[in-house]
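**Student:** Here you go, start_34.txt (compact mmCIF, C-alpha atoms):
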# COMPACT_ATOMS: atom_id res chain seq x y z
CA MET A 359 4.64 -17.10 16.80
CA SER A 360 6.27 -18.74 13.80
CA PHE A 361 6.05 -16.72 10.58
CA SER A 362 8.02 -17.87 7.55
CA LEU A 363 8.21 -14.86 5.26
CA HIS A 364 11.07 -12.87 3.71
CA LEU A 365 11.40 -9.34 2.32
CA GLU A 366 13.16 -9.41 -1.05
CA ASP A 367 12.75 -5.73 -2.04
CA TRP A 368 10.66 -2.65 -1.25
CA ARG A 369 9.79 0.86 -2.43
CA GLY A 370 8.32 3.91 -0.70
CA TRP A 371 6.66 7.18 -1.74
CA LEU A 372 5.78 10.40 0.09
CA ALA A 373 3.82 13.32 -1.31
CA ASP A 374 5.61 15.81 0.95
CA GLU A 375 9.29 16.00 0.06
CA ALA A 376 9.98 17.80 3.35
CA VAL A 377 9.33 14.55 5.19
CA PRO A 378 12.35 12.16 5.40
CA THR A 379 12.18 9.75 2.48
CA PRO A 380 13.62 6.28 1.82
CA ALA A 381 17.14 5.88 0.48
CA PRO A 382 17.34 6.64 -3.27
CA ARG A 383 17.26 3.01 -4.44
CA HIS A 384 14.04 2.45 -2.48
CA ARG A 385 12.37 5.75 -3.44
CA ILE A 386 9.54 6.33 -5.89
CA SER A 387 9.43 9.77 -7.54
CA ALA A 388 7.47 12.48 -5.73
CA GLN A 389 5.77 13.09 -9.10
CA PRO A 390 4.45 9.59 -9.77
CA GLY A 391 2.64 8.11 -12.75
CA SER A 392 5.45 7.23 -15.15
CA THR A 393 4.21 3.64 -15.56
CA LEU A 394 0.68 4.65 -16.63
CA PRO A 395 -0.60 5.78 -20.03
CA ALA A 396 -1.89 9.36 -19.90
CA MET A 397 -5.52 8.27 -20.33
CA LEU A 398 -5.31 6.10 -17.20
CA ARG A 399 -2.94 8.34 -15.25
CA ARG A 400 -5.46 11.17 -15.03
CA ARG A 401 -8.06 8.84 -13.52
CA LEU A 402 -6.05 8.46 -10.30
CA ASP A 403 -4.81 10.85 -7.64
CA ALA A 404 -1.11 11.05 -6.76
CA THR A 405 -1.39 8.24 -4.22
CA GLY A 406 -3.01 5.92 -6.75
CA ARG A 407 -0.38 6.75 -9.37
CA ALA A 408 2.41 6.15 -6.85
CA THR A 409 0.88 2.80 -5.93
CA CYS A 410 0.87 1.80 -9.59
CA ASP A 411 4.52 2.87 -9.94
CA ILE A 412 5.46 0.76 -6.91
CA LEU A 413 3.60 -2.23 -8.31
CA GLY A 414 5.30 -1.80 -11.67
CA VAL A 415 8.80 -1.63 -10.16
CA LEU A 416 8.34 -4.58 -7.81
CA ASP A 417 6.47 -6.72 -10.36
CA PRO A 418 8.16 -5.75 -13.68
CA ASN A 419 6.88 -8.78 -15.57
CA ALA A 420 3.29 -8.41 -14.30
CA ASP A 421 3.22 -12.05 -13.23
CA LEU A 422 2.89 -11.92 -9.42
CA PRO A 423 -0.16 -11.79 -7.14
CA LEU A 424 -0.78 -8.22 -5.94
CA VAL A 425 -2.29 -7.11 -2.63
CA HIS A 426 -3.20 -3.47 -2.00
CA ALA A 427 -4.44 -2.22 1.37
CA SER A 428 -5.58 1.21 2.49
CA ARG A 429 -7.29 2.08 5.73
CA HIS A 430 -9.30 4.98 4.31
CA GLY A 431 -9.09 4.65 0.54
CA ASP A 432 -9.90 7.66 -1.66
CA THR A 433 -11.65 9.78 0.97
CA THR A 434 -11.41 12.99 -1.06
CA HIS A 435 -13.54 11.77 -3.98
CA THR A 436 -15.87 9.84 -1.69
CA LEU A 437 -16.58 12.95 0.41
CA GLU A 438 -17.11 15.03 -2.73
CA MET A 439 -19.73 12.55 -3.94
CA LEU A 440 -21.50 12.54 -0.57
CA GLU A 441 -21.60 16.33 -0.59
CA ALA A 442 -22.98 16.28 -4.15
CA LEU A 443 -25.74 13.90 -3.06
CA GLU A 444 -26.58 16.23 -0.19
CA ARG A 445 -26.99 19.05 -2.72
CA GLY A 446 -29.22 16.85 -4.87
CA GLU A 447 -26.69 16.61 -7.70
CA PRO A 448 -26.13 13.45 -9.78
CA ILE A 449 -23.04 11.29 -9.25
CA SER A 450 -20.64 10.60 -12.09
CA PRO A 451 -20.48 6.82 -12.76
CA THR A 452 -16.80 7.18 -13.65
CA ARG A 453 -15.99 8.99 -10.42
CA PHE A 454 -17.89 6.39 -8.42
CA SER A 455 -16.10 3.49 -10.15
CA LEU A 456 -12.73 5.08 -9.33
CA SER A 457 -13.59 5.66 -5.66
CA VAL A 458 -14.10 1.99 -4.77
CA HIS A 459 -11.37 0.19 -2.83
CA ASN A 460 -10.11 -1.95 -5.73
CA ALA A 461 -10.01 0.88 -8.30
CA VAL A 462 -6.22 1.35 -8.20
CA LEU A 463 -5.55 -2.34 -8.80
CA GLY A 464 -8.09 -2.28 -11.61
CA VAL A 465 -6.35 0.62 -13.37
CA HIS A 466 -2.95 -1.01 -12.86
CA SER A 467 -4.12 -4.36 -14.23
CA ILE A 468 -5.48 -2.65 -17.36
CA SER A 469 -2.30 -0.66 -17.93
CA ARG A 470 0.02 -3.67 -17.50
CA ALA A 471 -2.25 -6.44 -18.85
CA HIS A 472 -1.88 -8.11 -15.47
CA HIS A 473 -3.89 -11.35 -15.20
CA ARG A 474 -2.65 -12.81 -11.92
CA PRO A 475 -4.55 -12.63 -8.58
CA LEU A 476 -5.44 -9.15 -7.27
CA GLN A 477 -6.74 -8.34 -3.81
CA ALA A 478 -7.82 -5.05 -2.19
CA LEU A 479 -8.07 -4.86 1.60
CA GLY A 480 -9.31 -2.58 4.35
CA ALA A 481 -8.77 -3.75 7.93
CA CYS A 482 -9.63 -0.90 10.33
CA GLY A 483 -5.98 -0.06 10.96
CA ASP A 484 -4.59 -3.60 10.81
CA GLU A 485 -3.74 -3.38 7.11
CA PHE A 486 -0.02 -4.07 7.47
CA ASP A 487 -0.56 -7.35 9.31
CA ALA A 488 -3.35 -8.21 6.87
CA ILE A 489 -1.20 -7.83 3.74
CA LEU A 490 1.55 -9.99 5.23
CA HIS A 491 -0.85 -12.79 6.12
CA GLU A 492 -2.56 -12.59 2.73
CA ALA A 493 0.84 -12.73 1.03
CA LYS A 494 1.78 -15.78 3.05
CA GLY A 495 -1.38 -17.50 1.83
CA TYR A 496 -0.51 -16.88 -1.82
CA LEU A 497 3.05 -18.06 -1.25
CA ALA A 498 1.79 -21.22 0.43
CA GLU A 499 -0.20 -21.92 -2.76
CA GLY A 500 3.05 -22.00 -4.73
CA HIS A 501 3.52 -18.45 -6.07
CA ARG A 502 7.23 -17.54 -6.15
CA ALA A 503 6.64 -14.02 -4.76
CA VAL A 504 3.86 -11.57 -3.85
CA VAL A 505 3.84 -7.77 -4.03
CA ALA A 506 1.92 -6.02 -1.25
CA VAL A 507 1.33 -2.25 -1.04
CA LEU A 508 0.01 -0.19 1.86
CA SER A 509 -1.12 3.34 0.98
CA GLU A 510 -2.88 6.36 2.45
CA GLY A 511 -4.19 9.30 0.44
CA PRO A 512 -4.69 12.83 1.75
CA LEU A 513 -7.33 13.23 4.46
CA PRO A 514 -9.94 15.95 3.81
CA PRO A 515 -10.24 18.61 6.54
CA ALA A 516 -13.73 17.37 7.46
CA TYR A 517 -12.22 14.07 8.68
CA GLN A 518 -9.12 15.42 10.42
CA GLY A 519 -9.10 14.81 14.15
CA TYR A 520 -11.63 11.99 13.88
CA THR A 521 -9.38 9.18 12.66
CA GLU A 522 -5.73 8.14 12.71
CA HIS A 523 -3.73 9.29 9.69
CA PRO A 524 0.01 9.70 8.95
CA GLY A 525 -0.50 13.37 8.07
CA ASN A 526 0.80 12.97 4.51
CA ALA A 527 -0.20 10.95 1.48
CA CYS A 528 2.20 8.01 1.35
CA ALA A 529 2.64 4.46 0.11
CA VAL A 530 5.03 1.58 0.73
CA GLY A 531 5.32 -1.66 -1.22
CA LEU A 532 7.07 -4.94 -0.39
CA ARG A 533 8.02 -7.94 -2.55
CA LEU A 534 7.67 -10.95 -0.29
CA THR A 535 8.91 -14.53 -0.69
CA LEU A 536 9.16 -17.67 1.41
CA HIS A 537 12.96 -17.91 1.36
CA ARG A 538 14.74 -15.02 -0.43
CA GLY A 539 15.63 -11.75 1.29
CA ARG A 540 15.56 -10.58 4.88
CA ARG A 541 13.49 -12.69 7.21
CA LEU A 542 10.35 -11.16 8.75
CA MET A 543 9.93 -12.22 12.37
CA ALA A 544 6.77 -11.71 14.42
CA SER A 545 6.01 -11.83 18.11
CA ASP A 546 3.08 -10.60 20.17
CA PRO A 547 3.38 -6.87 20.93
CA VAL A 548 2.85 -5.30 24.31
CA ARG A 549 -0.06 -3.40 22.78
CA GLY A 550 -1.74 -3.42 19.41
CA ALA A 551 -0.93 -0.50 17.08
CA HIS A 552 -1.99 0.68 13.63
CA PRO A 553 1.20 1.19 11.57
CA THR A 554 0.94 3.67 8.72
CA PRO A 555 2.98 3.55 5.49
CA LEU A 556 5.15 6.31 6.95
CA GLU A 557 5.98 4.18 10.00
CA VAL A 558 6.61 1.11 7.85
CA MET A 559 9.10 3.10 5.74
CA ALA A 560 10.91 4.37 8.83
CA TRP A 561 11.24 0.78 10.05
CA LEU A 562 12.47 -0.50 6.69
CA ASN A 563 14.96 2.39 6.55
CA GLY A 564 16.43 1.14 9.83
CA ASP A 565 15.21 4.15 11.81
CA ALA A 566 13.26 1.90 14.20
CA PRO A 567 14.31 -1.54 15.55
CA PHE A 568 10.81 -2.99 15.24
CA LEU A 569 7.29 -2.21 14.03
CA ASP A 570 4.26 -2.75 16.23
CA GLY A 571 0.98 -3.83 14.71
CA ARG A 572 -1.12 -6.81 15.70
CA HIS A 573 2.32 -8.36 16.19
CA ARG A 574 5.76 -6.90 16.80
CA TRP A 575 7.64 -7.20 13.51
CA GLN A 576 11.42 -7.37 13.20
CA LEU A 577 13.74 -7.83 10.24
CA GLY A 578 16.51 -10.41 10.34
CA ALA A 579 19.56 -10.77 8.13
CA GLU A 580 19.33 -12.16 4.60
Please rewrite the model in this file as structure tokens.
**Tutor:**
Amino acid sequence: MSFSLHLEDWRGWLADEAVPTPAPRHRISAQPGSTLPAMLRRRLDATGRATCDILGVLDPNADLPLVHASRHGDTTHTLEMLEALERGEPISPTRFSLSVHNAVLGVHSISRAHHRPLQALGACGDEFDAILHEAKGYLAEGHRAVVAVLSEGPLPPAYQGYTEHPGNACAVGLRLTLHRGRRLMASDPVRGAHPTPLEVMAWLNGDAPFLDGRHRWQLGAE
């Protein structure tokens, strides 16, 4: 299939420093949150703070469309609220508002006074393909670049073994354009897969020759 999209820059983050990380110039601090005011920083978990740091680095002027995808979202707070309901306890409106899928983008937009398009996605494991196709749509409308982030927070023990998960909280962000950077090439894979941020980072690091999702993705030369 024809897919005209280029990777201009990227950043990655891992909560567990024992896991191989991106090269230094592509790495976000293991203690994220430097781009957020303290009042907003404490509203998010480490994955949310890392996502905001990635967005801030890849969109320093806060003038690009942003797409954020997560397969599971903030499962820790969501499960805590469900357990509270089971006990008959009231739910905090603030906690609920921060558990929804677009909460991280909302906090980031407040902290950076970002007024360009924002989009939060969940796609049952197909998030990586989804963010690329959404980015292509924004670029086709005339935006010079799009920043797309794929993240996964920690998975509570109650969910482990019942769903796919990379095993660590992690996030990866890409700044995508129509013409600048390394070309992204897609073909149909032998089988569909659900790439995690960890697998995307390994591919971008050059540790894997391709990345299988709904398509088989490869990176060309600049």
**Student:** Residues at most 8 Å from range 466-478 of chain A, counting all atoms listed in the file, excluding those fewer than 5 positions away in the same chain, as a VMD selection string?
**Tutor:** chain A and resid 394 to 395 398 410 420 to 427 459 to 460
**Student:** Output the selection as an mmCIF file, in the coordinates of the input - C-alpha atoms for each residue.
**Tutor:**
data_model
loop_
_atom_site.group_PDB
_atom_site.id
_atom_site.type_symbol
_atom_site.label_atom_id
_atom_site.label_comp_id
_atom_site.auth_asym_id
_atom_site.auth_seq_id
_atom_site.Cartn_x
_atom_site.Cartn_y
_atom_site.Cartn_z
ATOM 1 C CA LEU A 394 0.680 4.650 -16.630
ATOM 2 C CA PRO A 395 -0.600 5.780 -20.030
ATOM 3 C CA LEU A 398 -5.310 6.100 -17.200
ATOM 4 C CA CYS A 410 0.870 1.800 -9.590
ATOM 5 C CA ALA A 420 3.290 -8.410 -14.300
ATOM 6 C CA ASP A 421 3.220 -12.050 -13.230
ATOM 7 C CA LEU A 422 2.890 -11.920 -9.420
ATOM 8 C CA PRO A 423 -0.160 -11.790 -7.140
ATOM 9 C CA LEU A 424 -0.780 -8.220 -5.940
ATOM 10 C CA VAL A 425 -2.290 -7.110 -2.630
ATOM 11 C CA HIS A 426 -3.200 -3.470 -2.000
ATOM 12 C CA ALA A 427 -4.440 -2.220 1.370
ATOM 13 C CA HIS A 459 -11.370 0.190 -2.830
ATOM 14 C CA ASN A 460 -10.110 -1.950 -5.730
#
**Student:** Report, in Å to a single decimal, how far apart CA of Arg533 in chain A and CA of Val504 in chain A are.
**Tutor:** 5.7 Å
**Student:** Excluding Leu534 in chain A and residues on its chain fewer than 5 positions from it, collect all residues at most 8 Å away from it, counting only C-alpha atoms, and give them as a PyMOL selection string.
**Tutor:** chain A and resi 363-367+493+503-506
**Student:** List as a VMD selection string the protein and nucleic acid residues near range 433-448 of chain A, meaning an atom at most 10 Å away when all atoms listed in the file are counted, but skip any in the same chain fewer than 4 places from it.
**Tutor:** chain A and resid 403 453 to 454 456 to 458 510 to 517
**Student:** For range 565-570 of chain A, work out the shell of residues within 10 Å, counting only C-alpha atoms and skipping chain neighbours fewer than 2 positions away, then give it as a PyMOL selection string.
**Tutor:** chain A and resi 486-487+543-553+557-563+572-577
**Student:** Include C-alpha atoms and write out the residues we just selected as a PDB file, in the frame of the given file.
**Tutor:**
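Writing done, so here's result-v5.pdb:
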ATOM      1  CA  PHE A 486      -0.020  -4.070   7.470  1.00  0.00           C
ATOM      2  CA  ASP A 487      -0.560  -7.350   9.310  1.00  0.00           C
ATOM      3  CA  MET A 543       9.930 -12.220  12.370  1.00  0.00           C
ATOM      4  CA  ALA A 544       6.770 -11.710  14.420  1.00  0.00           C
ATOM      5  CA  SER A 545       6.010 -11.830  18.110  1.00  0.00           C
ATOM      6  CA  ASP A 546       3.080 -10.600  20.170  1.00  0.00           C
ATOM      7  CA  PRO A 547       3.380  -6.870  20.930  1.00  0.00           C
ATOM      8  CA  VAL A 548       2.850  -5.300  24.310  1.00  0.00           C
ATOM      9  CA  ARG A 549      -0.060  -3.400  22.780  1.00  0.00           C
ATOM     10  CA  GLY A 550      -1.740  -3.420  19.410  1.00  0.00           C
ATOM     11  CA  ALA A 551      -0.930  -0.500  17.080  1.00  0.00           C
ATOM     12  CA  HIS A 552      -1.990   0.680  13.630  1.00  0.00           C
ATOM     13  CA  PRO A 553       1.200   1.190  11.570  1.00  0.00           C
ATOM     14  CA  GLU A 557       5.980   4.180  10.000  1.00  0.00           C
ATOM     15  CA  VAL A 558       6.610   1.110   7.850  1.00  0.00           C
ATOM     16  CA  MET A 559       9.100   3.100   5.740  1.00  0.00           C
ATOM     17  CA  ALA A 560      10.910   4.370   8.830  1.00  0.00           C
ATOM     18  CA  TRP A 561      11.240   0.780  10.050  1.00  0.00           C
ATOM     19  CA  LEU A 562      12.470  -0.500   6.690  1.00  0.00           C
ATOM     20  CA  ASN A 563      14.960   2.390   6.550  1.00  0.00           C
ATOM     21  CA  ARG A 572      -1.120  -6.810  15.700  1.00  0.00           C
ATOM     22  CA  HIS A 573       2.320  -8.360  16.190  1.00  0.00           C
ATOM     23  CA  ARG A 574       5.760  -6.900  16.800  1.00  0.00           C
ATOM     24  CA  TRP A 575       7.640  -7.200  13.510  1.00  0.00           C
ATOM     25  CA  GLN A 576      11.420  -7.370  13.200  1.00  0.00           C
ATOM     26  CA  LEU A 577      13.740  -7.830  10.240  1.00  0.00           C
TER      27      LEU A 577
END
**Student:** Pick out the closest residue to Thr521 in chain A from this set: A:Pro382, A:Gly483, A:Gly495, A:Gly578. Count only C-alpha atoms.
**Tutor:**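 The shortest atom-to-atom distance to Thr521 in chain A comes from A:Gly483.
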**Student:** Rank A:Asp374, A:Asp484, A:Glu499, A:Glu492 by their smallest atom-to-atom distance to Glu522 in chain A, using only C-alpha atoms, and report the top residue only.
**Tutor:**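 Closest to Glu522 in chain A, using only C-alpha atoms: A:Asp484.
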**Student:** Would you give the centre and edge lengths, in Å to one decimal, of a box along x, y and z around the listed atoms of range 450-467 of chain A, with 5 Å added to each side, as lines of an AutoDock Vina configuration file?
**Tutor:**
center_x = -11.8
center_y = 3.1
center_z = -8.5
size_x = 27.7
size_y = 25.0
size_z = 21.4
**Student:** Closest to Arg399 in chain A among A:Ile489, A:Ala527, A:Val465, A:Val415, using only C-alpha atoms?
**Tutor:**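 Closest to Arg399 in chain A, using only C-alpha atoms: A:Val465.
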**Student:** Point out the residue among A:Ala579, A:Leu416, A:Ala404, A:Val507 with the least atom-to-atom distance to Arg540 in chain A, counting only C-alpha atoms.
**Tutor:** A:Ala579
**Student:** Just the number, please: distance in Å from CA of Arg541 in chain A to CA of Ser509 in chain A, one decimal.
**Tutor:**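 That distance, rounded to one decimal, is 22.6 Å.
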**Student:** Some atoms are missing, so please complete range 513-536 of chain A with N, CA, C and O atoms and return it as a PDB file, keeping the file's coordinate frame.
**Tutor:**
ATOM      1  N   LEU A 513      -6.098  13.271   3.661  1.00  0.00           N
ATOM      2  CA  LEU A 513      -7.330  13.230   4.460  1.00  0.00           C
ATOM      3  C   LEU A 513      -8.008  14.599   4.382  1.00  0.00           C
ATOM      4  O   LEU A 513      -7.410  15.611   4.767  1.00  0.00           O
ATOM      5  N   PRO A 514      -9.247  14.663   3.887  1.00  0.00           N
ATOM      6  CA  PRO A 514      -9.940  15.950   3.810  1.00  0.00           C
ATOM      7  C   PRO A 514     -10.084  16.596   5.190  1.00  0.00           C
ATOM      8  O   PRO A 514     -10.173  15.900   6.209  1.00  0.00           O
ATOM      9  N   PRO A 515     -10.117  17.923   5.257  1.00  0.00           N
ATOM     10  CA  PRO A 515     -10.240  18.610   6.540  1.00  0.00           C
ATOM     11  C   PRO A 515     -11.434  18.152   7.382  1.00  0.00           C
ATOM     12  O   PRO A 515     -11.348  18.121   8.614  1.00  0.00           O
ATOM     13  N   ALA A 516     -12.527  17.778   6.725  1.00  0.00           N
ATOM     14  CA  ALA A 516     -13.730  17.370   7.460  1.00  0.00           C
ATOM     15  C   ALA A 516     -13.487  16.133   8.314  1.00  0.00           C
ATOM     16  O   ALA A 516     -14.193  15.906   9.301  1.00  0.00           O
ATOM     17  N   TYR A 517     -12.496  15.307   7.949  1.00  0.00           N
ATOM     18  CA  TYR A 517     -12.220  14.070   8.680  1.00  0.00           C
ATOM     19  C   TYR A 517     -11.079  14.216   9.689  1.00  0.00           C
ATOM     20  O   TYR A 517     -10.876  13.339  10.528  1.00  0.00           O
ATOM     21  N   GLN A 518     -10.311  15.285   9.584  1.00  0.00           N
ATOM     22  CA  GLN A 518      -9.120  15.420  10.420  1.00  0.00           C
ATOM     23  C   GLN A 518      -9.509  15.567  11.889  1.00  0.00           C
ATOM     24  O   GLN A 518     -10.420  16.313  12.234  1.00  0.00           O
ATOM     25  N   GLY A 519      -8.810  14.815  12.727  1.00  0.00           N
ATOM     26  CA  GLY A 519      -9.100  14.810  14.150  1.00  0.00           C
ATOM     27  C   GLY A 519     -10.072  13.734  14.571  1.00  0.00           C
ATOM     28  O   GLY A 519     -10.292  13.521  15.765  1.00  0.00           O
ATOM     29  N   TYR A 520     -10.657  13.040  13.579  1.00  0.00           N
ATOM     30  CA  TYR A 520     -11.630  11.990  13.880  1.00  0.00           C
ATOM     31  C   TYR A 520     -11.105  10.588  13.596  1.00  0.00           C
ATOM     32  O   TYR A 520     -11.768   9.607  13.911  1.00  0.00           O
ATOM     33  N   THR A 521      -9.937  10.484  12.981  1.00  0.00           N
ATOM     34  CA  THR A 521      -9.380   9.180  12.660  1.00  0.00           C
ATOM     35  C   THR A 521      -7.860   9.280  12.629  1.00  0.00           C
ATOM     36  O   THR A 521      -7.302  10.374  12.445  1.00  0.00           O
ATOM     37  N   GLU A 522      -7.188   8.164  12.798  1.00  0.00           N
ATOM     38  CA  GLU A 522      -5.730   8.140  12.710  1.00  0.00           C
ATOM     39  C   GLU A 522      -5.305   8.309  11.253  1.00  0.00           C
ATOM     40  O   GLU A 522      -5.928   7.774  10.338  1.00  0.00           O
ATOM     41  N   HIS A 523      -4.229   9.042  11.050  1.00  0.00           N
ATOM     42  CA  HIS A 523      -3.730   9.290   9.690  1.00  0.00           C
ATOM     43  C   HIS A 523      -2.273   9.716   9.805  1.00  0.00           C
ATOM     44  O   HIS A 523      -1.899  10.416  10.754  1.00  0.00           O
ATOM     45  N   PRO A 524      -1.413   9.329   8.858  1.00  0.00           N
ATOM     46  CA  PRO A 524       0.010   9.700   8.950  1.00  0.00           C
ATOM     47  C   PRO A 524       0.278  11.176   8.760  1.00  0.00           C
ATOM     48  O   PRO A 524       1.392  11.636   9.027  1.00  0.00           O
ATOM     49  N   GLY A 525      -0.700  11.947   8.277  1.00  0.00           N
ATOM     50  CA  GLY A 525      -0.500  13.370   8.070  1.00  0.00           C
ATOM     51  C   GLY A 525      -0.062  13.741   6.671  1.00  0.00           C
ATOM     52  O   GLY A 525      -0.118  14.910   6.280  1.00  0.00           O
ATOM     53  N   ASN A 526       0.381  12.766   5.892  1.00  0.00           N
ATOM     54  CA  ASN A 526       0.800  12.970   4.510  1.00  0.00           C
ATOM     55  C   ASN A 526       0.339  11.797   3.673  1.00  0.00           C
ATOM     56  O   ASN A 526       0.258  10.665   4.171  1.00  0.00           O
ATOM     57  N   ALA A 527       0.043  12.055   2.408  1.00  0.00           N
ATOM     58  CA  ALA A 527      -0.200  10.950   1.480  1.00  0.00           C
ATOM     59  C   ALA A 527       1.093  10.163   1.327  1.00  0.00           C
ATOM     60  O   ALA A 527       2.173  10.749   1.169  1.00  0.00           O
ATOM     61  N   CYS A 528       1.001   8.839   1.388  1.00  0.00           N
ATOM     62  CA  CYS A 528       2.200   8.010   1.350  1.00  0.00           C
ATOM     63  C   CYS A 528       1.845   6.585   0.954  1.00  0.00           C
ATOM     64  O   CYS A 528       0.688   6.172   1.048  1.00  0.00           O
ATOM     65  N   ALA A 529       2.846   5.850   0.507  1.00  0.00           N
ATOM     66  CA  ALA A 529       2.640   4.460   0.110  1.00  0.00           C
ATOM     67  C   ALA A 529       3.948   3.705   0.262  1.00  0.00           C
ATOM     68  O   ALA A 529       5.035   4.264   0.050  1.00  0.00           O
ATOM     69  N   VAL A 530       3.845   2.431   0.617  1.00  0.00           N
ATOM     70  CA  VAL A 530       5.030   1.580   0.730  1.00  0.00           C
ATOM     71  C   VAL A 530       4.664   0.204   0.179  1.00  0.00           C
ATOM     72  O   VAL A 530       3.578  -0.310   0.429  1.00  0.00           O
ATOM     73  N   GLY A 531       5.557  -0.357  -0.619  1.00  0.00           N
ATOM     74  CA  GLY A 531       5.320  -1.660  -1.220  1.00  0.00           C
ATOM     75  C   GLY A 531       6.450  -2.627  -0.916  1.00  0.00           C
ATOM     76  O   GLY A 531       7.628  -2.222  -0.824  1.00  0.00           O
ATOM     77  N   LEU A 532       6.096  -3.905  -0.734  1.00  0.00           N
ATOM     78  CA  LEU A 532       7.070  -4.940  -0.390  1.00  0.00           C
ATOM     79  C   LEU A 532       6.917  -6.122  -1.354  1.00  0.00           C
ATOM     80  O   LEU A 532       5.788  -6.514  -1.656  1.00  0.00           O
ATOM     81  N   ARG A 533       8.059  -6.661  -1.823  1.00  0.00           N
ATOM     82  CA  ARG A 533       8.020  -7.940  -2.550  1.00  0.00           C
ATOM     83  C   ARG A 533       8.439  -9.027  -1.575  1.00  0.00           C
ATOM     84  O   ARG A 533       9.547  -9.005  -1.034  1.00  0.00           O
ATOM     85  N   LEU A 534       7.526  -9.946  -1.342  1.00  0.00           N
ATOM     86  CA  LEU A 534       7.670 -10.950  -0.290  1.00  0.00           C
ATOM     87  C   LEU A 534       7.831 -12.341  -0.883  1.00  0.00           C
ATOM     88  O   LEU A 534       7.213 -12.668  -1.902  1.00  0.00           O
ATOM     89  N   THR A 535       8.667 -13.153  -0.246  1.00  0.00           N
ATOM     90  CA  THR A 535       8.910 -14.530  -0.690  1.00  0.00           C
ATOM     91  C   THR A 535       8.934 -15.434   0.544  1.00  0.00           C
ATOM     92  O   THR A 535       8.911 -14.962   1.688  1.00  0.00           O
ATOM     93  N   LEU A 536       9.033 -16.725   0.296  1.00  0.00           N
ATOM     94  CA  LEU A 536       9.160 -17.670   1.410  1.00  0.00           C
ATOM     95  C   LEU A 536      10.597 -17.833   1.892  1.00  0.00           C
ATOM     96  O   LEU A 536      10.824 -18.167   3.058  1.00  0.00           O
TER      97      LEU A 536
END
